[in-house]
file model-v1.csv (CSV, C-alpha atoms and all ligand atoms)
chain,number,residue,atom,x,y,z
A,563,TRP,CA,56.5,86.0,136.8
A,564,VAL,CA,56.5,87.0,133.1
A,565,ARG,CA,59.2,86.1,130.6
A,566,ILE,CA,59.4,88.5,127.7
A,567,VAL,CA,61.3,88.5,124.4
A,568,THR,CA,61.2,91.2,121.6
A,569,ALA,CA,62.5,90.7,118.1
A,570,GLN,CA,62.6,92.8,114.9
A,571,THR,CA,62.4,91.4,111.4
A,572,PRO,CA,62.7,93.2,108.0
A,573,THR,CA,60.4,92.5,105.1
A,574,ASN,CA,61.5,91.0,101.9
A,575,ILE,CA,60.6,91.7,98.2
A,576,ALA,CA,60.6,88.8,95.7
A,577,VAL,CA,62.5,89.3,92.5
A,578,ILE,CA,61.4,85.9,91.3
A,579,LYS,CA,57.8,85.6,92.6
A,580,TYR,CA,56.0,82.9,94.6
A,581,TRP,CA,52.5,82.6,93.3
A,582,GLY,CA,50.6,79.4,93.8
A,583,LYS,CA,50.5,76.6,96.3
A,584,ARG,CA,50.6,72.8,95.8
A,585,ASP,CA,49.5,72.3,99.4
A,586,GLU,CA,47.3,75.0,101.1
A,587,THR,CA,47.6,73.8,104.7
A,588,LEU,CA,51.3,73.3,104.8
A,589,ILE,CA,51.9,76.3,102.4
A,590,LEU,CA,54.0,74.5,99.9
A,591,PRO,CA,54.7,76.5,96.7
A,592,VAL,CA,54.5,75.4,93.0
A,593,ASN,CA,57.9,77.0,92.3
A,594,ASP,CA,61.1,78.3,93.9
A,595,SER,CA,61.4,82.0,94.6
A,596,ILE,CA,64.2,84.5,95.3
A,597,SER,CA,63.9,87.7,97.3
A,598,ILE,CA,65.9,90.6,98.6
A,599,THR,CA,65.6,91.5,102.3
A,600,LEU,CA,65.2,95.2,103.0
A,601,ASP,CA,67.1,97.2,105.5
A,602,PRO,CA,65.3,96.6,108.9
A,603,SER,CA,65.2,100.3,109.7
A,604,HIS,CA,62.7,101.0,106.9
A,605,LEU,CA,60.1,98.2,106.6
A,606,CYS,CA,60.0,95.9,109.5
A,607,THR,CA,57.9,94.3,112.2
A,608,THR,CA,58.6,94.4,115.9
A,609,THR,CA,57.1,91.6,117.9
A,610,THR,CA,57.0,91.1,121.7
A,611,VAL,CA,56.1,87.7,123.0
A,612,ALA,CA,55.4,86.9,126.7
A,613,VAL,CA,54.7,83.9,128.7
A,614,SER,CA,53.3,83.8,132.3
A,615,PRO,CA,51.5,81.2,134.4
A,616,SER,CA,48.8,83.9,134.9
A,617,PHE,CA,47.8,83.9,131.2
A,618,ASP,CA,44.7,81.7,130.6
A,619,GLN,CA,44.8,81.6,126.8
A,620,ASP,CA,47.0,82.4,123.8
A,621,ARG,CA,46.3,86.0,122.5
A,622,MET,CA,47.7,88.2,119.8
A,623,TRP,CA,47.6,91.9,119.0
A,624,LEU,CA,48.4,93.4,115.6
A,625,ASN,CA,49.2,97.2,115.6
A,626,GLY,CA,47.4,97.5,118.9
A,627,LYS,CA,44.2,95.6,118.0
A,628,GLU,CA,43.5,92.1,119.2
A,629,ILE,CA,43.1,89.6,116.4
A,630,SER,CA,41.4,86.2,116.3
A,631,LEU,CA,43.7,83.2,116.4
A,632,SER,CA,41.0,80.9,114.9
A,633,GLY,CA,42.5,81.3,111.3
A,634,GLY,CA,44.9,78.5,112.1
A,635,ARG,CA,48.1,80.0,110.8
A,636,TYR,CA,49.2,81.6,114.1
A,637,GLN,CA,48.2,78.4,115.9
A,638,ASN,CA,50.3,76.3,113.5
A,639,CYS,CA,53.4,78.4,114.1
A,640,LEU,CA,52.8,78.3,117.9
A,641,ARG,CA,52.3,74.5,117.9
A,642,GLU,CA,55.4,73.9,115.9
A,643,ILE,CA,57.6,76.0,118.2
A,644,ARG,CA,56.0,74.6,121.3
A,645,ALA,CA,56.9,71.1,120.1
A,646,ARG,CA,60.6,72.2,119.9
A,647,ALA,CA,60.6,74.2,123.2
A,648,CYS,CA,63.5,73.5,125.6
A,649,GLU,CA,64.0,74.1,129.3
A,650,VAL,CA,64.5,77.8,130.3
A,651,GLU,CA,66.2,78.9,133.5
A,652,ASP,CA,66.5,82.6,134.5
A,653,LYS,CA,68.0,82.6,138.0
A,654,GLU,CA,67.9,86.4,138.4
A,655,LYS,CA,64.1,86.5,137.8
A,656,GLY,CA,63.4,83.2,139.5
A,657,ILE,CA,62.0,81.6,136.4
A,658,LYS,CA,62.4,77.9,135.7
A,659,ILE,CA,60.3,76.3,132.9
A,660,ALA,CA,60.8,72.6,132.2
A,661,LYS,CA,60.4,71.3,128.7
A,662,LYS,CA,57.1,69.6,129.6
A,663,ASP,CA,55.7,72.8,131.1
A,664,TRP,CA,55.4,74.6,127.8
A,665,GLU,CA,52.4,72.5,126.8
A,666,LYS,CA,50.4,74.1,129.7
A,667,LEU,CA,51.7,77.7,129.4
A,668,HIS,CA,49.9,80.3,127.3
A,669,VAL,CA,51.6,83.0,125.2
A,670,HIS,CA,50.7,86.7,124.5
A,671,ALA,CA,52.1,88.3,121.4
A,672,ALA,CA,52.0,92.0,120.3
A,673,SER,CA,53.2,92.9,116.8
A,674,TYR,CA,53.7,96.3,115.1
A,675,ASN,CA,54.5,97.1,111.5
A,676,ASN,CA,56.2,100.4,110.7
A,677,PHE,CA,54.4,100.4,107.3
A,678,PRO,CA,50.8,99.9,106.0
A,679,THR,CA,49.5,96.4,106.5
A,680,ALA,CA,48.2,94.6,103.5
A,681,ALA,CA,49.0,97.3,101.0
A,682,GLY,CA,51.0,94.9,99.0
A,683,LEU,CA,54.2,95.7,101.0
A,684,ALA,CA,54.7,92.1,102.2
A,685,SER,CA,53.7,92.8,105.8
A,686,SER,CA,52.7,89.2,106.5
A,687,ALA,CA,56.3,88.2,105.5
A,688,ALA,CA,57.9,90.2,108.2
A,689,GLY,CA,55.1,89.5,110.6
A,690,PHE,CA,55.2,85.7,110.7
A,691,ALA,CA,59.0,85.6,110.4
A,692,CYS,CA,59.2,87.9,113.5
A,693,LEU,CA,56.6,85.9,115.4
A,694,VAL,CA,58.3,82.6,114.8
A,695,PHE,CA,61.8,84.0,115.6
A,696,ALA,CA,60.6,85.7,118.9
A,697,LEU,CA,58.7,82.5,120.0
A,698,ALA,CA,61.8,80.4,119.3
A,699,LYS,CA,63.9,82.7,121.5
A,700,LEU,CA,61.1,82.7,124.2
A,701,MET,CA,60.9,79.0,124.3
A,702,ASN,CA,64.6,78.4,123.9
A,703,ALA,CA,64.1,76.3,120.7
A,704,LYS,CA,67.5,75.4,119.2
A,705,GLU,CA,66.6,75.3,115.5
A,706,SER,CA,68.7,77.0,112.9
A,707,ASN,CA,67.2,79.9,110.9
A,708,SER,CA,66.5,77.6,107.9
A,709,GLU,CA,64.6,75.2,110.2
A,710,LEU,CA,62.7,78.1,111.6
A,711,SER,CA,61.9,79.3,108.1
A,712,ALA,CA,60.0,76.1,107.4
A,713,ILE,CA,57.8,77.0,110.4
A,714,ALA,CA,57.4,80.7,109.4
A,715,ARG,CA,56.4,79.3,106.0
A,716,GLN,CA,53.3,77.8,107.6
A,717,GLY,CA,52.2,81.3,108.7
A,718,SER,CA,52.7,82.9,105.3
A,719,GLY,CA,54.8,81.6,102.5
A,720,SER,CA,56.8,84.7,101.8
A,721,ALA,CA,57.7,84.9,105.6
A,722,CYS,CA,60.2,82.0,105.3
A,723,ARG,CA,62.5,84.3,103.2
A,724,SER,CA,62.6,87.0,106.0
A,725,LEU,CA,64.7,85.0,108.4
A,726,PHE,CA,67.9,86.0,106.5
A,727,GLY,CA,69.3,89.2,105.1
A,728,GLY,CA,70.8,89.7,101.6
A,729,PHE,CA,69.4,87.6,98.8
A,730,VAL,CA,67.4,84.6,99.9
A,731,LYS,CA,66.0,81.6,98.0
A,732,TRP,CA,62.9,79.7,99.1
A,733,VAL,CA,63.5,76.2,97.8
A,734,MET,CA,60.1,74.7,97.0
A,735,GLY,CA,61.1,71.2,98.1
A,736,LYS,CA,59.7,67.8,97.2
A,737,ALA,CA,58.7,66.2,100.4
A,738,GLU,CA,54.9,65.8,101.0
A,739,ASN,CA,55.3,66.9,104.7
A,740,GLY,CA,57.1,70.1,103.6
A,741,SER,CA,60.3,69.3,105.6
A,742,ASP,CA,62.5,70.4,102.6
A,743,SER,CA,60.5,73.5,101.7
A,744,LEU,CA,62.7,76.2,103.4
A,745,ALA,CA,64.7,79.3,102.9
A,746,VAL,CA,68.5,79.5,102.3
A,747,GLN,CA,70.6,82.6,102.1
A,748,LEU,CA,72.3,83.0,98.7
A,749,VAL,CA,74.5,86.0,99.6
A,750,ASP,CA,74.5,88.3,102.6
A,751,ASP,CA,73.7,92.0,102.5
A,752,LYS,CA,77.3,93.1,102.0
A,753,HIS,CA,77.7,91.2,98.7
A,754,TRP,CA,75.9,93.7,96.5
A,755,ASP,CA,75.6,96.9,98.6
A,756,ASP,CA,75.5,99.3,95.7
A,757,LEU,CA,71.9,98.5,95.2
A,758,VAL,CA,69.4,101.1,96.5
A,759,ILE,CA,65.7,100.3,96.9
A,760,ILE,CA,63.0,102.9,96.6
A,761,ILE,CA,59.4,102.1,97.2
A,762,ALA,CA,56.9,104.4,95.5
A,763,VAL,CA,53.8,104.1,97.6
A,764,VAL,CA,51.1,104.5,95.0
A,765,SER,CA,48.4,103.7,97.5
A,766,SER,CA,48.5,102.8,101.1
A,767,ARG,CA,45.0,101.5,101.0
A,768,GLN,CA,44.3,97.8,101.8
A,769,LYS,CA,44.4,95.6,98.7
A,770,GLU,CA,41.1,94.1,97.5
A,771,THR,CA,42.2,90.5,96.8
A,772,SER,CA,44.5,89.0,99.4
A,773,SER,CA,47.5,87.0,98.1
A,774,THR,CA,46.1,83.9,99.7
A,775,SER,CA,42.8,83.9,97.8
A,776,GLY,CA,44.3,85.5,94.7
A,777,MET,CA,46.8,82.7,94.3
A,778,ARG,CA,44.2,80.0,95.0
A,779,GLU,CA,42.1,81.3,92.1
A,780,SER,CA,45.2,81.5,89.9
A,781,VAL,CA,46.1,77.9,90.6
A,782,GLU,CA,42.5,76.8,89.8
A,783,THR,CA,42.0,78.8,86.6
A,784,SER,CA,45.3,80.1,85.1
A,785,LEU,CA,47.0,77.8,82.5
A,786,LEU,CA,49.8,80.4,82.4
A,787,LEU,CA,50.6,79.8,86.1
A,788,HIS,CA,51.3,76.1,85.5
A,789,HIS,CA,53.3,76.8,82.4
A,790,ARG,CA,55.3,79.4,84.3
A,791,ALA,CA,56.0,77.1,87.3
A,792,LYS,CA,57.1,74.2,85.2
A,793,GLU,CA,58.8,75.8,82.1
A,794,ILE,CA,59.9,79.3,83.0
A,795,VAL,CA,60.8,79.7,86.7
A,796,PRO,CA,63.4,76.8,87.0
A,797,LYS,CA,65.6,78.4,84.3
A,798,ARG,CA,65.0,81.9,85.6
A,799,ILE,CA,66.0,80.9,89.1
A,800,MET,CA,69.4,79.6,87.8
A,801,GLN,CA,69.9,82.8,85.7
A,802,MET,CA,69.0,85.0,88.7
A,803,GLU,CA,71.4,83.2,91.0
A,804,GLU,CA,74.1,83.7,88.4
A,805,ALA,CA,73.2,87.4,88.1
A,806,ILE,CA,73.3,87.9,91.9
A,807,LYS,CA,76.6,86.0,92.2
A,808,ASP,CA,78.2,88.1,89.5
A,809,ARG,CA,76.5,91.4,90.5
A,810,ASN,CA,75.3,91.6,86.9
A,811,PHE,CA,72.7,94.4,87.0
A,812,GLU,CA,71.8,94.1,83.4
A,813,SER,CA,70.7,90.5,83.8
A,814,PHE,CA,69.3,91.1,87.3
A,815,SER,CA,67.0,93.9,86.1
A,816,GLN,CA,65.9,92.1,83.0
A,817,LEU,CA,64.9,89.0,85.0
A,818,THR,CA,63.3,91.0,87.8
A,819,CYS,CA,61.1,93.1,85.5
A,820,ALA,CA,60.2,90.1,83.4
A,821,ASP,CA,59.2,88.1,86.4
A,822,SER,CA,57.1,90.9,87.9
A,823,ASN,CA,55.3,91.3,84.6
A,824,GLN,CA,54.7,87.6,84.2
A,825,PHE,CA,53.3,87.4,87.7
A,826,HIS,CA,50.8,90.2,86.8
A,827,ALA,CA,50.1,88.4,83.5
A,828,VAL,CA,49.1,85.3,85.6
A,829,CYS,CA,46.8,87.5,87.6
A,830,LEU,CA,45.2,88.7,84.4
A,831,ASP,CA,45.0,85.1,83.2
A,832,THR,CA,43.0,84.2,86.3
A,833,CYS,CA,39.2,83.9,86.1
A,834,PRO,CA,37.9,86.4,87.1
A,835,PRO,CA,41.0,88.5,86.4
A,836,ILE,CA,42.9,90.1,89.3
A,837,PHE,CA,44.1,93.6,88.9
A,838,TYR,CA,46.8,94.5,91.4
A,839,MET,CA,48.5,97.3,89.5
A,840,ASN,CA,46.8,100.6,88.5
A,841,ASP,CA,47.4,103.4,86.0
A,842,THR,CA,50.1,105.0,88.2
A,843,SER,CA,51.9,101.6,88.4
A,844,HIS,CA,51.8,101.3,84.6
A,845,ARG,CA,53.1,104.8,84.2
A,846,ILE,CA,56.0,104.0,86.5
A,847,ILE,CA,56.8,100.9,84.4
A,848,SER,CA,56.8,103.0,81.2
A,849,LEU,CA,59.0,105.7,82.8
A,850,VAL,CA,61.6,103.1,83.9
A,851,GLU,CA,61.5,101.2,80.6
A,852,LYS,CA,62.0,104.4,78.6
A,853,TRP,CA,64.8,105.6,80.8
A,854,ASN,CA,66.6,102.2,80.8
A,855,ARG,CA,66.4,102.1,77.0
A,856,ALA,CA,67.6,105.7,76.6
A,857,GLU,CA,70.7,105.0,78.8
A,858,GLY,CA,71.7,101.9,76.9
A,859,THR,CA,72.3,100.0,80.2
A,860,PRO,CA,69.6,99.5,82.7
A,861,GLN,CA,69.6,101.9,85.7
A,862,VAL,CA,66.6,100.6,87.6
A,863,ALA,CA,64.6,97.4,88.0
A,864,TYR,CA,61.0,97.5,89.0
A,865,THR,CA,58.8,94.8,90.7
A,866,PHE,CA,55.3,94.9,92.0
A,867,ASP,CA,53.7,92.5,94.5
A,868,ALA,CA,50.0,92.0,95.2
A,869,GLY,CA,49.3,95.7,95.1
A,870,PRO,CA,50.0,98.9,93.1
A,871,ASN,CA,53.1,100.0,94.9
A,872,ALA,CA,56.3,100.0,92.9
A,873,VAL,CA,59.5,98.6,94.4
A,874,LEU,CA,62.3,100.2,92.4
A,875,ILE,CA,65.9,98.8,92.7
A,876,ALA,CA,68.5,101.2,91.4
A,877,ARG,CA,71.9,100.0,90.4
A,878,ASN,CA,73.6,102.6,92.6
A,879,ARG,CA,73.0,105.9,94.5
A,880,LYS,CA,73.5,108.1,91.5
A,881,ALA,CA,70.7,106.2,89.6
A,882,ALA,CA,68.5,106.3,92.7
A,883,THR,CA,68.9,110.1,93.0
A,884,GLN,CA,68.0,110.5,89.3
A,885,LEU,CA,65.1,108.2,89.7
A,886,LEU,CA,63.7,110.2,92.7
A,887,LYS,CA,64.0,113.4,90.6
A,888,LYS,CA,62.1,111.8,87.8
A,889,LEU,CA,59.4,110.5,90.0
A,890,LEU,CA,58.9,113.9,91.6
A,891,PHE,CA,58.7,115.5,88.2
A,892,TYR,CA,56.2,113.1,86.7
A,893,PHE,CA,54.2,112.7,89.9
A,894,PRO,CA,54.3,116.1,91.5
A,895,PRO,CA,53.1,116.3,95.1
A,896,ASN,CA,49.5,117.5,95.6
A,897,SER,CA,48.7,116.9,91.9
A,898,ASP,CA,46.0,114.5,90.7
A,899,ALA,CA,48.6,111.8,90.0
A,900,ASP,CA,50.8,112.2,93.2
A,901,LEU,CA,52.2,109.3,95.1
A,902,ASP,CA,51.3,108.7,98.7
A,903,SER,CA,54.9,108.6,99.9
A,904,PHE,CA,58.3,107.1,99.2
A,905,VAL,CA,60.1,104.6,101.4
A,906,LEU,CA,63.9,104.9,100.8
A,907,GLY,CA,66.3,102.0,101.2
A,908,ASP,CA,69.1,104.5,101.8
A,909,LYS,CA,68.5,107.2,104.4
A,910,SER,CA,71.3,109.4,103.0
A,911,LEU,CA,69.6,110.1,99.7
A,1001,LIG,C1,53.1,88.5,95.4
A,1001,LIG,O1,53.2,85.0,101.3
A,1001,LIG,O2,51.4,86.8,101.3
A,1001,LIG,O3,54.2,88.9,97.4
A,1001,LIG,O4,51.5,82.3,101.6
A,1001,LIG,O5,49.1,82.9,101.3
A,1001,LIG,O6,50.4,84.0,103.0
A,1001,LIG,P1,50.5,83.3,101.7
A,1001,LIG,O7,50.9,84.4,100.6
A,1001,LIG,P2,52.0,85.6,100.7
A,1001,LIG,O8,52.2,85.8,99.1
A,1001,LIG,C2,53.2,86.6,98.6
A,1001,LIG,C3,53.0,86.8,97.1
A,1001,LIG,C4,53.9,87.9,96.5
A,1001,LIG,C5,55.1,87.2,95.9
A,1001,LIG,C6,56.2,86.9,96.8
A,1001,LIG,O9,56.4,87.5,97.9
A,1001,LIG,O10,57.0,85.9,96.4

call {"tool": "encode", "arguments": {"input": "model-v1.csv", "output": "structure tokens", "more": "lines below"}}
Ligand code: DP6
result
Amino acid sequence: WVRIVTAQTPTNIAVIKYWGKRDETLILPVNDSISITLDPSHLCTTTTVAVSPSFDQDRMWLNGKEISLSGGRYQNCLREIRARACEVEDKEKGIKIAKKDWEKLHVHAASYNNFPTAAGLASSAAGFACLVFALAKLMNAKESNSELSAIARQGSGSACRSLFGGFVKWVMGKAENGSDSLAVQLVDDKHWDDLVIIIAVVSSRQKETSSTSGMRESVETSLLLHHRAKEIVPKRIMQMEEAIKDRNFESFSQLTCADSNQFHAVCLDTCPPIFYMNDTSHRIISLVEKWNRAEGTPQVAYTFDAGPNAVLIARNRKAATQLLKKLLFYFPPNSDADLDSFVLGDKSL
């Protein structure tokens, strides 16, 4: 027999960034972070997990290619869910798995991203969240999404925020074993549904410095990182929660842009410096800043993760339509400065 479960998980984009770990193995961050979860129909991971007595080892495929599980992160997630597995009985298929049987059974997992992996579009976030969620269903683990988020966190930090929709906060926690470092939903996706997200894919090429090694180097060498984590982020988190609660776009966009810029300043403050943005990213920032200033009230917020692609959050559909027109004007298709593609957060645009 084979028992199969498929799950789909959207990716999330941080508006207050996670950058730096205080514990590399457990993946515990140096500061809280806040993200917005994207519409699953655009950027998501689909993962199918299967268990059968005929499987002789744990195996995993990513976008059709088998990957090595020796890195530890997959094994950590698998181990944590296995420890919480419960009895499963499916009379129709004649499957009965006792709690103690899970220790002996092996799992196969196949995961697909509908967007470029490692191009700075937070693919690991959706990937590990989806894997953990699918495994929990496969093994009938009874944990809540917040409890599962603490397991997904051990796959990739940002993954813990993808177990909820809407706006999500990853609370850094204090416990040494990481038990209180988990995600909580601030508001669901209906709370602020005027917002429209457009991702300008500046380059779909794989990034040169992974987030994991980049943030390790920043923790070791950047004084700005430690100042940011202690003195800046705690206040910003409170202000951001307030802005989200009140749907205050002016404050939201000011905080989002400032935090993205500070994260990239930390990257520059790292030795040797890390460059995630390129000229096109910088031109997009200037365009948005000029437009927001000309309008008097901000129309769009920008944020960039560990890559050159711009995540643009428009205050409503009208602003999103105007933004698309501007991007197409300044970056005409088939010109030297064209963009690879757009990913729209709203299909009707
Ligand atoms: C810039 O979660 O990919 O996207 O925990 O080492 O897997 P690991 O790093 P990862 O880092 C994401 C960094 C970021 C900011 C964010 O998502 O908060």

call {"tool": "residues_around", "arguments": {"input": "model-v1.csv", "residues": "Cys722 in chain A", "least_positions_apart": "4", "cutoff": "6 Å", "atoms": "all atoms listed in the file", "output": "VMD selection string"}}
result
chain A and resid 711 714 to 715 745

call {"tool": "residues_near_ligand", "arguments": {"input": "model-v1.csv", "ligand": "ligand LIG 1001 (chain A)", "cutoff": "8 Å", "atoms": "only C-alpha atoms and all ligand atoms", "output": "PyMOL selection string"}}
result
chain A and resi 574-581+583+589+595-597+682-687+715-721+772-775+777+825+866-868

call {"tool": "write_last_selection", "arguments": {"input": "model-v1.csv", "atoms": "C-alpha atoms", "output": "CSV table (one decimal), keeping the file's coordinate frame"}}
result
chain,number,residue,atom,x,y,z
A,574,ASN,CA,61.5,91.0,101.9
A,575,ILE,CA,60.6,91.7,98.2
A,576,ALA,CA,60.6,88.8,95.7
A,577,VAL,CA,62.5,89.3,92.5
A,578,ILE,CA,61.4,85.9,91.3
A,579,LYS,CA,57.8,85.6,92.6
A,580,TYR,CA,56.0,82.9,94.6
A,581,TRP,CA,52.5,82.6,93.3
A,583,LYS,CA,50.5,76.6,96.3
A,589,ILE,CA,51.9,76.3,102.4
A,595,SER,CA,61.4,82.0,94.6
A,596,ILE,CA,64.2,84.5,95.3
A,597,SER,CA,63.9,87.7,97.3
A,682,GLY,CA,51.0,94.9,99.0
A,683,LEU,CA,54.2,95.7,101.0
A,684,ALA,CA,54.7,92.1,102.2
A,685,SER,CA,53.7,92.8,105.8
A,686,SER,CA,52.7,89.2,106.5
A,687,ALA,CA,56.3,88.2,105.5
A,715,ARG,CA,56.4,79.3,106.0
A,716,GLN,CA,53.3,77.8,107.6
A,717,GLY,CA,52.2,81.3,108.7
A,718,SER,CA,52.7,82.9,105.3
A,719,GLY,CA,54.8,81.6,102.5
A,720,SER,CA,56.8,84.7,101.8
A,721,ALA,CA,57.7,84.9,105.6
A,772,SER,CA,44.5,89.0,99.4
A,773,SER,CA,47.5,87.0,98.1
A,774,THR,CA,46.1,83.9,99.7
A,775,SER,CA,42.8,83.9,97.8
A,777,MET,CA,46.8,82.7,94.3
A,825,PHE,CA,53.3,87.4,87.7
A,866,PHE,CA,55.3,94.9,92.0
A,867,ASP,CA,53.7,92.5,94.5
A,868,ALA,CA,50.0,92.0,95.2

call {"tool": "closest_residue", "arguments": {"input": "model-v1.csv", "among": "A:Asp756, A:Glu857, A:Asp831, A:Glu793", "to": "Asn810 in chain A", "atoms": "all atoms listed in the file"}}
result
A:Asp756

call {"tool": "residues_around", "arguments": {"input": "model-v1.csv", "residues": "Asp618 in chain A", "least_positions_apart": "3", "cutoff": "10 Å", "atoms": "only C-alpha atoms", "output": "VMD selection string"}}
result
chain A and resid 614 to 615 621 666 to 670

call {"tool": "closest_residue", "arguments": {"input": "model-v1.csv", "among": "A:Val862, A:Val611, A:Ala856, A:Ile794", "to": "Phe811 in chain A", "atoms": "only C-alpha atoms"}}
result
A:Val862

call {"tool": "atom_distance", "arguments": {"input": "model-v1.csv", "atom1": "CA of Gly634 in chain A", "atom2": "CA of Leu744 in chain A"}}
result
19.9 Å

call {"tool": "atom_distance", "arguments": {"input": "model-v1.csv", "atom1": "CA of Cys819 in chain A", "atom2": "CA of Ser603 in chain A"}}
result
25.6 Å

call {"tool": "atom_distance", "arguments": {"input": "model-v1.csv", "atom1": "CA of Val733 in chain A", "atom2": "CA of Thr771 in chain A"}}
result
25.7 Å

call {"tool": "residues_near_point", "arguments": {"input": "model-v1.csv", "point": "(45.7, 78.3, 85.6)", "cutoff": "12 Å", "atoms": "only C-alpha atoms", "output": "compact mmCIF listing (two decimals) with C-alpha atoms, keeping the file's coordinate frame"}}
result
# COMPACT_ATOMS: atom_id res chain seq x y z
CA TRP A 581 52.50 82.60 93.30
CA GLY A 582 50.60 79.40 93.80
CA LYS A 583 50.50 76.60 96.30
CA VAL A 592 54.50 75.40 93.00
CA GLY A 776 44.30 85.50 94.70
CA MET A 777 46.80 82.70 94.30
CA ARG A 778 44.20 80.00 95.00
CA GLU A 779 42.10 81.30 92.10
CA SER A 780 45.20 81.50 89.90
CA VAL A 781 46.10 77.90 90.60
CA GLU A 782 42.50 76.80 89.80
CA THR A 783 42.00 78.80 86.60
CA SER A 784 45.30 80.10 85.10
CA LEU A 785 47.00 77.80 82.50
CA LEU A 786 49.80 80.40 82.40
CA LEU A 787 50.60 79.80 86.10
CA HIS A 788 51.30 76.10 85.50
CA HIS A 789 53.30 76.80 82.40
CA ARG A 790 55.30 79.40 84.30
CA ALA A 791 56.00 77.10 87.30
CA ALA A 827 50.10 88.40 83.50
CA VAL A 828 49.10 85.30 85.60
CA CYS A 829 46.80 87.50 87.60
CA LEU A 830 45.20 88.70 84.40
CA ASP A 831 45.00 85.10 83.20
CA THR A 832 43.00 84.20 86.30
CA CYS A 833 39.20 83.90 86.10
CA PRO A 834 37.90 86.40 87.10
CA PRO A 835 41.00 88.50 86.40
